[in-house]
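**Student:** For reference, this is run.cif, and it has mmCIF, C-alpha atoms and all ligand atoms.
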data_work
#
loop_
_atom_site.label_atom_id
_atom_site.label_comp_id
_atom_site.auth_asym_id
_atom_site.auth_seq_id
_atom_site.Cartn_x
_atom_site.Cartn_y
_atom_site.Cartn_z
CA MET Y 65 -6.67 41.90 -9.19
CA THR Y 66 -5.58 40.60 -12.58
CA LYS Y 67 -7.99 39.85 -15.39
CA ALA Y 68 -7.16 36.12 -15.28
CA ARG Y 69 -7.93 36.01 -11.57
CA LYS Y 70 -11.34 37.63 -12.07
CA THR Y 71 -12.18 35.13 -14.80
CA LEU Y 72 -11.20 32.26 -12.52
CA ILE Y 73 -13.49 33.45 -9.72
CA ARG Y 74 -16.35 33.85 -12.15
CA SER Y 75 -15.97 30.29 -13.43
CA GLU Y 76 -15.74 28.87 -9.89
CA ASN Y 77 -18.97 30.50 -8.83
CA SER Y 78 -20.86 29.88 -12.04
CA LEU Y 79 -23.99 27.79 -11.65
CA LYS Y 80 -23.72 26.52 -15.20
CA GLN Y 81 -23.39 22.73 -14.96
CA ALA Y 82 -19.80 21.94 -14.17
CA THR Y 83 -18.15 18.63 -15.05
CA LEU Y 84 -15.96 16.40 -12.91
CA LYS Y 85 -12.98 17.79 -14.81
CA ASP Y 86 -13.99 21.36 -13.89
CA VAL Y 87 -14.20 20.41 -10.22
CA PHE Y 88 -10.73 18.83 -10.27
CA TYR Y 89 -9.42 21.93 -12.04
CA VAL Y 90 -10.89 24.28 -9.44
CA PHE Y 91 -9.43 22.13 -6.64
CA GLU Y 92 -5.97 22.29 -8.23
CA LYS Y 93 -6.30 26.09 -8.15
CA ILE Y 94 -7.36 26.01 -4.50
CA ILE Y 95 -4.40 23.76 -3.63
CA ASN Y 96 -2.06 26.26 -5.33
CA LYS Y 97 -3.70 29.06 -3.41
CA TYR Y 98 -3.35 27.10 -0.19
CA ASN Y 99 0.37 26.53 -0.86
CA GLU Y 100 0.87 30.26 -1.41
CA HIS Y 101 -0.82 30.86 1.95
CA SER Y 102 1.21 28.23 3.78
CA THR Y 103 3.17 30.66 5.98
CA LYS Y 104 -0.06 32.21 7.26
CA ASN Y 105 -2.46 30.31 9.49
CA ILE Y 106 -5.15 29.31 7.07
CA SER Y 107 -6.62 25.85 6.72
CA PHE Y 108 -7.42 24.12 3.44
CA VAL Y 109 -11.10 24.25 4.43
CA ASP Y 110 -10.82 28.07 4.84
CA CYS Y 111 -9.23 28.26 1.41
CA ILE Y 112 -12.20 26.41 -0.09
CA LEU Y 113 -14.63 28.63 1.82
CA GLU Y 114 -13.09 31.84 0.52
CA THR Y 115 -12.95 30.56 -3.05
CA ILE Y 116 -16.25 28.76 -3.75
CA ASN Y 117 -19.73 29.85 -2.73
CA LYS Y 118 -22.23 27.65 -0.87
CA ASN Y 119 -24.38 26.57 -3.83
CA THR Y 120 -21.32 25.69 -5.87
CA ARG Y 121 -19.85 23.66 -3.00
CA GLU Y 122 -23.07 21.67 -2.70
CA ASN Y 123 -23.11 21.18 -6.44
CA TYR Y 124 -19.47 20.03 -6.45
CA ILE Y 125 -20.20 17.31 -3.86
CA LYS Y 126 -22.90 15.94 -6.18
CA ILE Y 127 -20.59 16.09 -9.20
CA LEU Y 128 -17.72 14.38 -7.36
CA SER Y 129 -20.08 11.60 -6.26
CA THR Y 130 -20.53 10.68 -9.94
CA CYS Y 131 -16.85 9.74 -10.34
CA ASN Y 132 -16.49 6.09 -11.37
CA CYS Y 133 -12.75 5.69 -10.86
CA CYS Y 134 -12.87 2.56 -8.63
CA GLU Y 135 -14.98 0.60 -6.17
CA ARG Y 136 -12.98 1.63 -3.12
CA HIS Y 137 -13.81 5.29 -3.61
CA ARG Y 138 -17.54 4.47 -3.65
CA ILE Y 139 -17.29 3.36 0.01
CA ASN Y 140 -18.42 6.07 2.45
CA PHE Y 141 -18.58 8.63 -0.33
CA PRO Y 142 -20.35 11.74 0.99
CA LYS Y 143 -23.22 12.73 -1.31
CA GLN Y 144 -24.60 15.62 0.67
CA SER Y 145 -23.18 18.60 2.51
CA ASN Y 146 -24.75 17.50 5.82
CA GLU Y 147 -23.36 13.97 5.77
CA LYS Y 148 -21.36 12.58 8.69
CA LEU Y 149 -17.76 11.73 7.79
CA PRO Y 150 -16.13 8.48 8.95
CA ASN Y 151 -13.45 8.91 11.59
CA ILE Y 152 -9.93 9.52 10.29
CA ASN Y 153 -8.34 6.36 11.73
CA MET Y 154 -10.77 4.14 9.93
CA ALA Y 155 -10.23 6.05 6.67
CA ASN Y 156 -6.45 5.65 7.01
CA LYS Y 157 -6.74 1.92 7.46
CA ILE Y 158 -8.65 1.58 4.21
CA ASN Y 159 -6.11 3.80 2.42
CA ASN Y 160 -3.21 1.50 3.33
CA SER Y 161 -4.24 -1.21 0.88
CA LYS Y 162 -2.00 -1.91 -2.14
CA ASN Y 163 -2.58 -0.73 -5.72
CA ILE Y 164 -4.71 2.15 -4.62
CA CYS Y 165 -6.39 4.48 -7.06
CA ARG Y 166 -4.98 8.01 -6.81
CA CYS Y 167 -8.19 9.75 -7.83
CA PRO Y 168 -8.88 12.60 -5.38
CA CYS Y 169 -12.69 12.55 -5.80
CA ARG Y 170 -13.61 11.26 -2.33
CA ASN Y 171 -10.94 13.31 -0.62
CA TYR Y 172 -12.22 16.51 -2.26
CA ALA Y 173 -15.84 15.62 -1.45
CA ARG Y 174 -14.90 15.13 2.20
CA PHE Y 175 -13.17 18.51 2.31
CA LEU Y 176 -16.30 20.08 0.84
CA VAL Y 177 -18.44 18.43 3.53
CA ARG Y 178 -16.03 19.82 6.14
CA THR Y 179 -16.62 23.34 4.84
CA PHE Y 180 -20.27 22.88 5.85
CA ASN Y 181 -19.50 21.35 9.26
CA ASN Y 182 -17.33 24.39 9.86
CA GLN Y 183 -20.08 26.97 9.60
ZN ZN Y 201 -10.69 5.67 -7.15
ZN ZN Y 202 -12.64 9.19 -8.41
#
Can I see the file as structure tokens?

**Tutor:**
Amino acid sequence: MTKARKTLIRSENSLKQATLKDVFYVFEKIINKYNEHSTKNISFVDCILETINKNTRENYIKILSTCNCCERHRINFPKQSNEKLPNINMANKINNSKNICRCPCRNYARFLVRTFNNQ
């Protein structure tokens, strides 16, 4: 394991108060990791699970819920790890509107909630 990699894991699992920017940064890393994995059978949820510990995942949901990007992303935003997610078809319908905000906050929060439903 390289030194940079160790540092990354330490920062992901740190309980020091992370910011919204930190959460987006960690997710970018997980997406990269997921893309490297793509030939193997691993889901994005598994990738999150093997990268971020439970307390940090719960913390990240709370941090993501503070994002103020737009009103649409406030709708059905999961604020807790045990929250029920809306069904996918309904979510897709809402996403088809024009001029949509590209902020990934709600998407990331939903993936985090899925990591808890998975266990
Ligand atoms: Zn938004
Ligand atoms: Zn947002």

**Student:** If I take atom CA of Cys167 of chain Y and atom CA of Cys133 of chain Y, how far is one from the other in Å, to one decimal?

**Tutor:**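 Separation between atom CA of Cys167 of chain Y and atom CA of Cys133 of chain Y: 6.8 Å.
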
**Student:** I'd like the interatomic distance between atom ZN of ligand ZN 202 (chain Y) and atom CA of Ser145 of chain Y, to a tenth of an Å.

**Tutor:**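 We find that atom ZN of ligand ZN 202 (chain Y) and atom CA of Ser145 of chain Y lie 17.9 Å from each other.
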
**Student:** Quick one: distance from atom CA of Phe108 of chain Y to atom CA of Glu122 of chain Y in Å, one decimal?

**Tutor:**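 If I compute the distance from atom CA of Phe108 of chain Y to atom CA of Glu122 of chain Y, I get 17.0 Å.
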
**Student:** To check your reading of the model: which residues sit at most 9 Å from ligand ZN 201 (chain Y) when counting only C-alpha atoms and all ligand atoms? Write the answer as a PDB file with C-alpha atoms, keeping the file's coordinate frame.

**Tutor:**
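Once written, part06.pdb looks like this:
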ATOM      1  CA  CYS Y 131     -16.850   9.740 -10.340  1.00  0.00           C
ATOM      2  CA  ASN Y 132     -16.490   6.090 -11.370  1.00  0.00           C
ATOM      3  CA  CYS Y 133     -12.750   5.690 -10.860  1.00  0.00           C
ATOM      4  CA  CYS Y 134     -12.870   2.560  -8.630  1.00  0.00           C
ATOM      5  CA  GLU Y 135     -14.980   0.600  -6.170  1.00  0.00           C
ATOM      6  CA  ARG Y 136     -12.980   1.630  -3.120  1.00  0.00           C
ATOM      7  CA  HIS Y 137     -13.810   5.290  -3.610  1.00  0.00           C
ATOM      8  CA  ARG Y 138     -17.540   4.470  -3.650  1.00  0.00           C
ATOM      9  CA  ILE Y 164      -4.710   2.150  -4.620  1.00  0.00           C
ATOM     10  CA  CYS Y 165      -6.390   4.480  -7.060  1.00  0.00           C
ATOM     11  CA  ARG Y 166      -4.980   8.010  -6.810  1.00  0.00           C
ATOM     12  CA  CYS Y 167      -8.190   9.750  -7.830  1.00  0.00           C
ATOM     13  CA  PRO Y 168      -8.880  12.600  -5.380  1.00  0.00           C
ATOM     14  CA  CYS Y 169     -12.690  12.550  -5.800  1.00  0.00           C
ATOM     15  CA  ARG Y 170     -13.610  11.260  -2.330  1.00  0.00           C
TER      16      ARG Y 170
END

**Student:** Ranking Y:Val109, Y:Ile139, Y:Ile95, Y:Ala82 by minimum distance to ligand ZN 202 (chain Y) and counting only C-alpha atoms and all ligand atoms, which one comes first?

**Tutor:**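 Closest to ligand ZN 202 (chain Y), using only C-alpha atoms and all ligand atoms: Y:Ile139.
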
**Student:** Just the residues within 12 Å of Asn171 of chain Y, please, counting all atoms listed in the file, with nothing from its chain fewer than 4 positions along; format it as a list in words.

**Tutor:**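 The residues satisfying every condition are Phe88, Phe91, Ile125, Leu128, Ser129, Cys131, His137, Arg138, Ile139, Asn140, Phe141, Pro142, Leu149, Pro150, Ile152, Ala155, Asn156, Asn159, Cys165, Arg166, Cys167, Phe175, Leu176, Val177 and Arg178 of chain Y.
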
**Student:** Which of these, Y:Tyr172, Y:Ile94, Y:Gln144, Y:Lys126, has the shortest distance to Leu113 of chain Y once you count all atoms listed in the file?

**Tutor:**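 So, comparing all the options, the nearest one is Y:Ile94.
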